[in-house]
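target_18.cif, holding mmCIF, C-alpha atoms; chains and numbers go by the auth columns:
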```
data_final
loop_
_atom_site.group_PDB
_atom_site.id
_atom_site.type_symbol
_atom_site.label_atom_id
_atom_site.label_comp_id
_atom_site.label_asym_id
_atom_site.label_seq_id
_atom_site.Cartn_x
_atom_site.Cartn_y
_atom_site.Cartn_z
_atom_site.B_iso_or_equiv
_atom_site.auth_seq_id
_atom_site.auth_asym_id
ATOM 1 C CA MET A 1 25.343 55.642 -20.607 0.00 30 I
ATOM 2 C CA ASN A 2 25.216 53.324 -17.593 0.00 31 I
ATOM 3 C CA ASN A 3 23.680 53.970 -14.218 0.00 32 I
ATOM 4 C CA LYS A 4 23.667 52.778 -10.625 0.00 33 I
ATOM 5 C CA ILE A 5 19.928 53.060 -10.015 0.00 34 I
ATOM 6 C CA LYS A 6 19.535 49.400 -9.050 0.00 35 I
ATOM 7 C CA GLU A 7 22.441 49.645 -6.629 0.00 36 I
ATOM 8 C CA PHE A 8 21.117 52.818 -4.972 0.00 37 I
ATOM 9 C CA ARG A 9 17.580 51.456 -4.903 0.00 38 I
ATOM 10 C CA ALA A 10 18.781 48.389 -3.013 0.00 39 I
ATOM 11 C CA ARG A 11 20.756 50.600 -0.649 0.00 40 I
ATOM 12 C CA TYR A 12 17.650 52.656 0.137 0.00 41 I
ATOM 13 C CA ASN A 13 15.501 49.517 0.327 0.00 42 I
ATOM 14 C CA LEU A 14 13.059 50.773 -2.296 0.00 43 I
ATOM 15 C CA THR A 15 11.061 48.675 -4.720 0.00 44 I
ATOM 16 C CA GLN A 16 10.819 49.692 -8.375 0.00 45 I
ATOM 17 C CA GLU A 17 7.222 50.690 -7.706 0.00 46 I
ATOM 18 C CA ASP A 18 8.216 52.905 -4.753 0.00 47 I
ATOM 19 C CA LEU A 19 10.887 54.643 -6.802 0.00 48 I
ATOM 20 C CA ALA A 20 8.496 55.084 -9.737 0.00 49 I
ATOM 21 C CA LYS A 21 5.976 56.809 -7.472 0.00 50 I
ATOM 22 C CA LYS A 22 8.642 59.075 -5.979 0.00 51 I
ATOM 23 C CA VAL A 23 9.725 60.385 -9.385 0.00 52 I
ATOM 24 C CA ASN A 24 6.240 60.219 -10.938 0.00 53 I
ATOM 25 C CA VAL A 25 6.888 57.715 -13.734 0.00 54 I
ATOM 26 C CA ARG A 26 5.585 54.241 -14.464 0.00 55 I
ATOM 27 C CA ARG A 27 7.343 51.203 -12.946 0.00 56 I
ATOM 28 C CA GLU A 28 8.182 50.093 -16.469 0.00 57 I
ATOM 29 C CA THR A 29 10.338 53.185 -16.942 0.00 58 I
ATOM 30 C CA ILE A 30 12.407 52.253 -13.888 0.00 59 I
ATOM 31 C CA VAL A 31 12.803 48.716 -15.312 0.00 60 I
ATOM 32 C CA PHE A 32 14.059 50.146 -18.624 0.00 61 I
ATOM 33 C CA LEU A 33 16.418 52.534 -16.836 0.00 62 I
ATOM 34 C CA GLU A 34 17.933 49.757 -14.753 0.00 63 I
ATOM 35 C CA LYS A 35 18.473 47.632 -17.859 0.00 64 I
ATOM 36 C CA ASN A 36 20.134 50.613 -19.603 0.00 65 I
ATOM 37 C CA LYS A 37 17.473 50.481 -22.286 0.00 66 I
ATOM 38 C CA TYR A 38 16.502 54.102 -21.836 0.00 67 I
ATOM 39 C CA ASN A 39 18.349 57.351 -21.224 0.00 68 I
ATOM 40 C CA PRO A 40 16.243 59.614 -19.005 0.00 69 I
ATOM 41 C CA SER A 41 15.577 63.290 -19.550 0.00 70 I
ATOM 42 C CA LEU A 42 17.651 65.709 -17.518 0.00 71 I
ATOM 43 C CA LYS A 43 14.642 66.341 -15.272 0.00 72 I
ATOM 44 C CA LEU A 44 14.103 62.659 -14.512 0.00 73 I
ATOM 45 C CA ALA A 45 17.842 62.154 -13.945 0.00 74 I
ATOM 46 C CA TYR A 46 17.792 65.104 -11.523 0.00 75 I
ATOM 47 C CA ASP A 47 14.711 63.762 -9.697 0.00 76 I
ATOM 48 C CA LEU A 48 16.309 60.327 -9.330 0.00 77 I
ATOM 49 C CA ALA A 49 19.516 61.870 -8.009 0.00 78 I
ATOM 50 C CA GLN A 50 17.439 63.897 -5.523 0.00 79 I
ATOM 51 C CA VAL A 51 15.718 60.738 -4.239 0.00 80 I
ATOM 52 C CA PHE A 52 19.102 59.145 -3.513 0.00 81 I
ATOM 53 C CA SER A 53 20.668 62.430 -2.310 0.00 82 I
ATOM 54 C CA VAL A 54 23.556 62.232 -4.758 0.00 83 I
ATOM 55 C CA ASN A 55 24.793 64.205 -7.757 0.00 84 I
ATOM 56 C CA ILE A 56 23.713 63.144 -11.232 0.00 85 I
ATOM 57 C CA GLU A 57 27.333 62.171 -12.045 0.00 86 I
ATOM 58 C CA GLU A 58 27.319 59.698 -9.169 0.00 87 I
ATOM 59 C CA LEU A 59 24.156 58.025 -10.397 0.00 88 I
ATOM 60 C CA PHE A 60 24.802 58.087 -14.145 0.00 89 I
ATOM 61 C CA ILE A 61 28.062 57.105 -15.785 0.00 90 I
ATOM 62 C CA PHE A 62 28.631 58.976 -19.012 0.00 91 I
ATOM 63 C CA GLU A 63 30.842 57.153 -21.488 0.00 92 I
ATOM 64 C CA ASN A 64 32.656 59.081 -24.184 0.00 93 I
ATOM 65 C CA LEU A 65 31.088 57.570 -27.304 0.00 94 I
ATOM 66 C CA ASN A 66 33.213 59.677 -29.699 0.00 95 I
ATOM 67 C CA GLU A 67 36.688 59.386 -28.258 0.00 96 I
ATOM 68 C CA ASN A 68 38.335 60.546 -31.485 0.00 97 I
ATOM 69 C CA GLU A 69 36.518 63.880 -31.501 0.00 98 I
ATOM 70 C CA MET B 1 -9.799 55.313 -15.530 0.00 2 B
ATOM 71 C CA LYS B 2 -12.188 57.072 -17.886 0.00 3 B
ATOM 72 C CA LYS B 3 -9.743 57.025 -20.832 0.00 4 B
ATOM 73 C CA SER B 4 -8.918 53.326 -20.322 0.00 5 B
ATOM 74 C CA PHE B 5 -12.618 52.515 -20.242 0.00 6 B
ATOM 75 C CA ILE B 6 -13.200 54.474 -23.466 0.00 7 B
ATOM 76 C CA ILE B 7 -10.301 52.652 -25.217 0.00 8 B
ATOM 77 C CA VAL B 8 -11.733 49.258 -24.246 0.00 9 B
ATOM 78 C CA LEU B 9 -15.290 50.289 -25.187 0.00 10 B
ATOM 79 C CA VAL B 10 -14.255 51.594 -28.638 0.00 11 B
ATOM 80 C CA ALA B 11 -12.158 48.469 -29.278 0.00 12 B
ATOM 81 C CA LEU B 12 -15.088 46.184 -28.408 0.00 13 B
ATOM 82 C CA LEU B 13 -17.497 48.246 -30.513 0.00 14 B
ATOM 83 C CA ILE B 14 -15.144 48.007 -33.517 0.00 15 B
ATOM 84 C CA LEU B 15 -14.798 44.253 -33.051 0.00 16 B
ATOM 85 C CA GLY B 16 -18.564 43.811 -32.662 0.00 17 B
ATOM 86 C CA SER B 17 -19.507 45.915 -35.683 0.00 18 B
ATOM 87 C CA THR B 18 -16.832 44.174 -37.789 0.00 19 B
ATOM 88 C CA ALA B 19 -18.241 40.773 -36.798 0.00 20 B
ATOM 89 C CA VAL B 20 -21.790 41.926 -37.656 0.00 21 B
ATOM 90 C CA TRP B 21 -20.580 43.258 -41.026 0.00 22 B
ATOM 91 C CA LEU B 22 -18.663 40.056 -41.785 0.00 23 B
ATOM 92 C CA PHE B 23 -21.425 37.622 -40.852 0.00 24 B
ATOM 93 C CA SER B 24 -24.255 39.663 -42.392 0.00 25 B
ATOM 94 C CA THR B 25 -22.640 39.101 -45.790 0.00 26 B
ATOM 95 C CA GLY B 26 -23.692 35.432 -45.450 0.00 27 B
ATOM 96 C CA ALA B 27 -22.018 33.021 -47.801 0.00 28 B
ATOM 97 C CA ASN B 28 -20.227 35.743 -49.788 0.00 29 B
ATOM 98 C CA ILE B 29 -17.183 35.935 -47.525 0.00 30 B
ATOM 99 C CA LYS B 30 -14.108 36.448 -49.676 0.00 31 B
ATOM 100 C CA PRO B 31 -10.576 35.548 -48.525 0.00 32 B
ATOM 101 C CA MET B 32 -9.757 39.282 -48.518 0.00 33 B
ATOM 102 C CA ASP B 33 -12.647 39.892 -46.055 0.00 34 B
ATOM 103 C CA LEU B 34 -11.231 37.272 -43.724 0.00 35 B
ATOM 104 C CA LEU B 35 -7.798 38.882 -43.990 0.00 36 B
ATOM 105 C CA HIS B 36 -9.307 42.279 -43.145 0.00 37 B
ATOM 106 C CA PHE B 37 -11.168 40.791 -40.201 0.00 38 B
ATOM 107 C CA GLY B 38 -7.959 39.149 -38.960 0.00 39 B
ATOM 108 C CA VAL B 39 -6.082 42.439 -39.092 0.00 40 B
ATOM 109 C CA ILE B 40 -8.951 44.324 -37.382 0.00 41 B
ATOM 110 C CA PHE B 41 -8.960 41.630 -34.695 0.00 42 B
ATOM 111 C CA LEU B 42 -5.208 42.130 -34.136 0.00 43 B
ATOM 112 C CA VAL B 43 -5.628 45.925 -33.954 0.00 44 B
ATOM 113 C CA VAL B 44 -8.416 45.510 -31.388 0.00 45 B
ATOM 114 C CA VAL B 45 -6.322 43.081 -29.325 0.00 46 B
ATOM 115 C CA PHE B 46 -3.508 45.650 -29.401 0.00 47 B
ATOM 116 C CA ALA B 47 -5.892 48.418 -28.231 0.00 48 B
ATOM 117 C CA LEU B 48 -7.175 46.165 -25.423 0.00 49 B
ATOM 118 C CA PHE B 49 -3.580 45.445 -24.407 0.00 50 B
ATOM 119 C CA LEU B 50 -2.821 49.193 -24.245 0.00 51 B
ATOM 120 C CA GLY B 51 -6.052 49.792 -22.293 0.00 52 B
ATOM 121 C CA TYR B 52 -5.100 47.050 -19.823 0.00 53 B
ATOM 122 C CA LYS B 53 -1.615 48.546 -19.360 0.00 54 B
ATOM 123 C CA ARG B 54 -3.103 51.964 -18.640 0.00 55 B
ATOM 124 C CA TRP B 55 -5.614 50.461 -16.214 0.00 56 B
ATOM 125 C CA THR B 56 -2.947 48.562 -14.240 0.00 57 B
ATOM 126 C CA SER B 57 -0.803 51.728 -14.039 0.00 58 B
ATOM 127 C CA GLU B 58 -3.791 53.663 -12.704 0.00 59 B
ATOM 128 C CA LYS B 59 -4.521 50.918 -10.212 0.00 60 B
ATOM 129 C CA ARG B 60 -0.964 51.101 -8.868 0.00 61 B
ATOM 130 C CA GLY B 61 -1.269 54.871 -8.501 0.00 62 B
ATOM 131 C CA GLU B 62 1.279 55.568 -11.255 0.00 63 B
ATOM 132 C CA PRO B 63 0.829 57.997 -14.144 0.00 64 B
ATOM 133 C CA THR B 64 -0.659 56.360 -17.244 0.00 65 B
ATOM 134 C CA GLU B 65 1.798 58.203 -19.481 0.00 66 B
ATOM 135 C CA ASP B 66 5.322 59.323 -18.784 0.00 67 B
ATOM 136 C CA GLU B 67 8.365 60.473 -20.751 0.00 68 B
ATOM 137 C CA LEU B 68 9.326 56.954 -21.881 0.00 69 B
ATOM 138 C CA SER B 69 5.852 56.060 -23.149 0.00 70 B
ATOM 139 C CA LYS B 70 5.608 59.413 -24.974 0.00 71 B
ATOM 140 C CA LYS B 71 9.023 58.957 -26.618 0.00 72 B
ATOM 141 C CA VAL B 72 8.140 55.399 -27.666 0.00 73 B
ATOM 142 C CA LEU B 73 4.915 56.709 -29.185 0.00 74 B
ATOM 143 C CA GLN B 74 6.721 59.523 -31.027 0.00 75 B
ATOM 144 C CA LYS B 75 9.333 57.186 -32.502 0.00 76 B
ATOM 145 C CA THR B 76 6.667 54.634 -33.419 0.00 77 B
ATOM 146 C CA ALA B 77 4.643 57.310 -35.225 0.00 78 B
ATOM 147 C CA ALA B 78 7.696 58.505 -37.158 0.00 79 B
ATOM 148 C CA ILE B 79 8.824 55.018 -38.215 0.00 80 B
ATOM 149 C CA SER B 80 5.364 53.712 -39.063 0.00 81 B
ATOM 150 C CA TYR B 81 4.673 56.814 -41.179 0.00 82 B
ATOM 151 C CA TYR B 82 7.906 56.220 -43.104 0.00 83 B
ATOM 152 C CA ILE B 83 7.096 52.531 -43.656 0.00 84 B
ATOM 153 C CA SER B 84 3.502 53.373 -44.625 0.00 85 B
ATOM 154 C CA LEU B 85 4.709 55.553 -47.509 0.00 86 B
ATOM 155 C CA TYR B 86 6.465 52.532 -49.020 0.00 87 B
ATOM 156 C CA PHE B 87 3.454 50.351 -48.227 0.00 88 B
ATOM 157 C CA TRP B 88 1.150 52.632 -50.237 0.00 89 B
ATOM 158 C CA VAL B 89 3.609 52.680 -53.149 0.00 90 B
ATOM 159 C CA PHE B 90 3.656 48.864 -53.017 0.00 91 B
ATOM 160 C CA LEU B 91 -0.167 48.738 -52.996 0.00 92 B
ATOM 161 C CA LEU B 92 -0.358 51.063 -56.014 0.00 93 B
ATOM 162 C CA TRP B 93 2.147 48.838 -57.805 0.00 94 B
ATOM 163 C CA LEU B 94 0.085 45.776 -56.839 0.00 95 B
ATOM 164 C CA LYS B 95 -3.166 47.391 -58.040 0.00 96 B
ATOM 165 C CA ASP B 96 -1.971 47.229 -61.652 0.00 97 B
ATOM 166 C CA ARG B 97 -1.228 43.518 -61.329 0.00 98 B
ATOM 167 C CA ILE B 98 -4.028 42.163 -59.136 0.00 99 B
ATOM 168 C CA GLU B 99 -7.723 42.991 -59.427 0.00 100 B
ATOM 169 C CA PHE B 100 -8.504 45.363 -56.553 0.00 101 B
ATOM 170 C CA ASP B 101 -11.513 47.647 -56.246 0.00 102 B
ATOM 171 C CA SER B 102 -10.917 51.043 -54.669 0.00 103 B
ATOM 172 C CA ASP B 103 -12.683 50.124 -51.387 0.00 104 B
ATOM 173 C CA GLU B 104 -10.494 47.058 -50.956 0.00 105 B
ATOM 174 C CA LEU B 105 -7.402 49.076 -51.763 0.00 106 B
ATOM 175 C CA LEU B 106 -8.236 51.772 -49.210 0.00 107 B
ATOM 176 C CA GLY B 107 -9.231 49.212 -46.574 0.00 108 B
ATOM 177 C CA THR B 108 -6.048 47.219 -47.078 0.00 109 B
ATOM 178 C CA GLY B 109 -3.961 50.411 -46.965 0.00 110 B
ATOM 179 C CA ILE B 110 -5.535 51.667 -43.731 0.00 111 B
ATOM 180 C CA LEU B 111 -5.333 48.265 -42.029 0.00 112 B
ATOM 181 C CA GLY B 112 -1.738 47.893 -43.224 0.00 113 B
ATOM 182 C CA MET B 113 -0.895 51.242 -41.646 0.00 114 B
ATOM 183 C CA ALA B 114 -2.526 50.162 -38.374 0.00 115 B
ATOM 184 C CA LEU B 115 -0.610 46.889 -38.446 0.00 116 B
ATOM 185 C CA THR B 116 2.666 48.704 -39.187 0.00 117 B
ATOM 186 C CA PHE B 117 2.030 51.001 -36.230 0.00 118 B
ATOM 187 C CA GLY B 118 1.337 48.082 -33.893 0.00 119 B
ATOM 188 C CA ILE B 119 4.392 46.087 -34.962 0.00 120 B
ATOM 189 C CA SER B 120 6.655 49.178 -34.773 0.00 121 B
ATOM 190 C CA TRP B 121 5.338 49.948 -31.286 0.00 122 B
ATOM 191 C CA LEU B 122 6.010 46.400 -30.065 0.00 123 B
ATOM 192 C CA ILE B 123 9.572 46.400 -31.446 0.00 124 B
ATOM 193 C CA ILE B 124 10.471 49.858 -30.098 0.00 125 B
ATOM 194 C CA HIS B 125 8.756 49.232 -26.767 0.00 126 B
ATOM 195 C CA TYR B 126 10.605 45.991 -26.053 0.00 127 B
ATOM 196 C CA LYS B 127 13.922 47.065 -27.605 0.00 128 B
ATOM 197 C CA GLY B 128 14.047 50.289 -25.603 0.00 129 B
ATOM 198 C CA LEU B 129 15.450 53.694 -26.493 0.00 130 B
ATOM 199 C CA ALA B 130 19.048 53.558 -25.304 0.00 131 B
ATOM 200 C CA ASN B 131 21.589 56.174 -26.436 0.00 132 B
ATOM 201 C CA GLU B 132 19.089 58.262 -28.379 0.00 133 B
#
```
Taking this structure as input, can you express it in the form of structure tokens?
Amino acid sequence: MNNKIKEFRARYNLTQEDLAKKVNVRRETIVFLEKNKYNPSLKLAYDLAQVFSVNIEELFIFENLNENE
Amino acid sequence: MKKSFIIVLVALLILGSTAVWLFSTGANIKPMDLLHFGVIFLVVVFALFLGYKRWTSEKRGEPTEDELSKKVLQKTAAISYYISLYFWVFLLWLKDRIEFDSDELLGTGILGMALTFGISWLIIHYKGLANE
């Protein structure tokens, strides 16, 4: 799963620390999310989408990992 | 703040009491004692590192724990438990081949578990938890 958090964060002129405070996580979690090293819970994904006023699908790109199924 | 302070205090107390224990034995320091002290030192450094991370998060006004840190901790606990089972089997195998008294065996086992936990945490923490 990829995401556009970094892109949206730049658009809203937010630092990683600002975004972390808005969604009540540590800055490190935002770093991991931006590097695609962590898939957030549905709640965190929803909170992030709320901050950027977009749908979850616009912020997170779901790839079909099992195309044959 | 209180929890971070307690972590640091306990870590320093462990290090201090270990140093007192080690140096009160005088000239009878065995290589195994030095190994134990080295591992305890690493565990304390790890605890201080975690305490420092918590303190900096608190200072920035962020939560000290969040969903990522909890998931990392859960996975670390699961993996280190699994590895520890094999570690104890290895120690029991080693006991029949090398002279070990029961205190040394237990001490080595417990410190090995702590070391396994620390190493697992570092690997999982820096590798991340993508697609899980």
On this structure, which residues satisfy the PyMOL selection byres ((chain I and resi 85) around 12), written as an MDAnalysis selection string? chainID I and resid 31:34 69:84 86:91
Under the rule of at most 9 Å, produce a per-residue listing of chain I near chain B: chain, number, name, the closest pair of atoms, and the distance in Å, as JSON lines, using all atoms listed in the file.
```
{"residue": "I:Met30", "atom": "CA", "partner": "B:Asn132", "partner_atom": "CA", "distance": 7.0}
{"residue": "I:Glu46", "atom": "CA", "partner": "B:Arg61", "partner_atom": "CA", "distance": 8.3}
{"residue": "I:Ala49", "atom": "CA", "partner": "B:Glu63", "partner_atom": "CA", "distance": 7.4}
{"residue": "I:Lys50", "atom": "CA", "partner": "B:Glu63", "partner_atom": "CA", "distance": 6.2}
{"residue": "I:Asn53", "atom": "CA", "partner": "B:Pro64", "partner_atom": "CA", "distance": 6.7}
{"residue": "I:Val54", "atom": "CA", "partner": "B:Asp67", "partner_atom": "CA", "distance": 5.5}
{"residue": "I:Arg55", "atom": "CA", "partner": "B:Glu63", "partner_atom": "CA", "distance": 5.5}
{"residue": "I:Arg56", "atom": "CA", "partner": "B:Glu63", "partner_atom": "CA", "distance": 7.7}
{"residue": "I:Glu57", "atom": "CA", "partner": "B:Leu69", "partner_atom": "CA", "distance": 8.8}
{"residue": "I:Thr58", "atom": "CA", "partner": "B:Leu69", "partner_atom": "CA", "distance": 6.3}
{"residue": "I:Phe61", "atom": "CA", "partner": "B:Gly129", "partner_atom": "CA", "distance": 7.0}
{"residue": "I:Leu62", "atom": "CA", "partner": "B:Ala131", "partner_atom": "CA", "distance": 8.9}
{"residue": "I:Asn65", "atom": "CA", "partner": "B:Ala131", "partner_atom": "CA", "distance": 6.5}
{"residue": "I:Lys66", "atom": "CA", "partner": "B:Ala131", "partner_atom": "CA", "distance": 4.6}
{"residue": "I:Tyr67", "atom": "CA", "partner": "B:Ala131", "partner_atom": "CA", "distance": 4.3}
{"residue": "I:Asn68", "atom": "CA", "partner": "B:Ala131", "partner_atom": "CA", "distance": 5.6}
{"residue": "I:Pro69", "atom": "CA", "partner": "B:Leu69", "partner_atom": "CA", "distance": 7.9}
{"residue": "I:Ser70", "atom": "CA", "partner": "B:Glu68", "partner_atom": "CA", "distance": 7.8}
{"residue": "I:Leu73", "atom": "CA", "partner": "B:Glu68", "partner_atom": "CA", "distance": 8.8}
```
Ground truth for the PyMOL selection byres ((chain B and resi 38-52) around 9), written as a list in words: Lys4, Ser5, Phe6, Ile7, Ile8, Val9, Val11, Ala12, Leu13, Ile15, Leu16, Thr19, Ala20, Leu23, Met33, Asp34, Leu35, Leu36, His37, Tyr53, Lys54, Arg55, Trp56, Thr57, Leu112, Gly113, Ala115, Leu116 and Gly119 of chain B
Might I get the box with edges along x, y and z of the file that holds all atoms of range 53-59 of chain I listed there, padded by 3 Å on every side, given as centre and edge lengths in Å to one decimal, as lines of an AutoDock Vina configuration file?
```
center_x = 9.0
center_y = 55.2
center_z = -13.9
size_x = 12.8
size_y = 16.1
size_z = 12.0
```
State, in Å with one decimal place, the distance from CA of Phe118 in chain B to CA of Glu105 in chain B.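 Distance reported for this atom pair: 19.7 Å.
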Suppose you want the space between CA of Lys64 in chain I and CA of Ser81 in chain B; what is it in Å?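 Result for CA of Lys64 in chain I versus CA of Ser81 in chain B: 25.7 Å, one decimal.
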For the file shown, report as a list in words the outcome of the PyMOL selection byres ((chain B and resi 85-89) around 8) at residue level.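 On this input, the PyMOL selection byres ((chain B and resi 85-89) around 8) captures Ser81, Tyr82, Tyr83, Ile84, Val90, Phe91, Leu92, Leu93, Gly110, Gly113, Met114 and Thr117 of chain B.
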Take CA of Lys51 in chain I and CA of Lys60 in chain B and report the distance between them in Å, one decimal. 16.1 Å
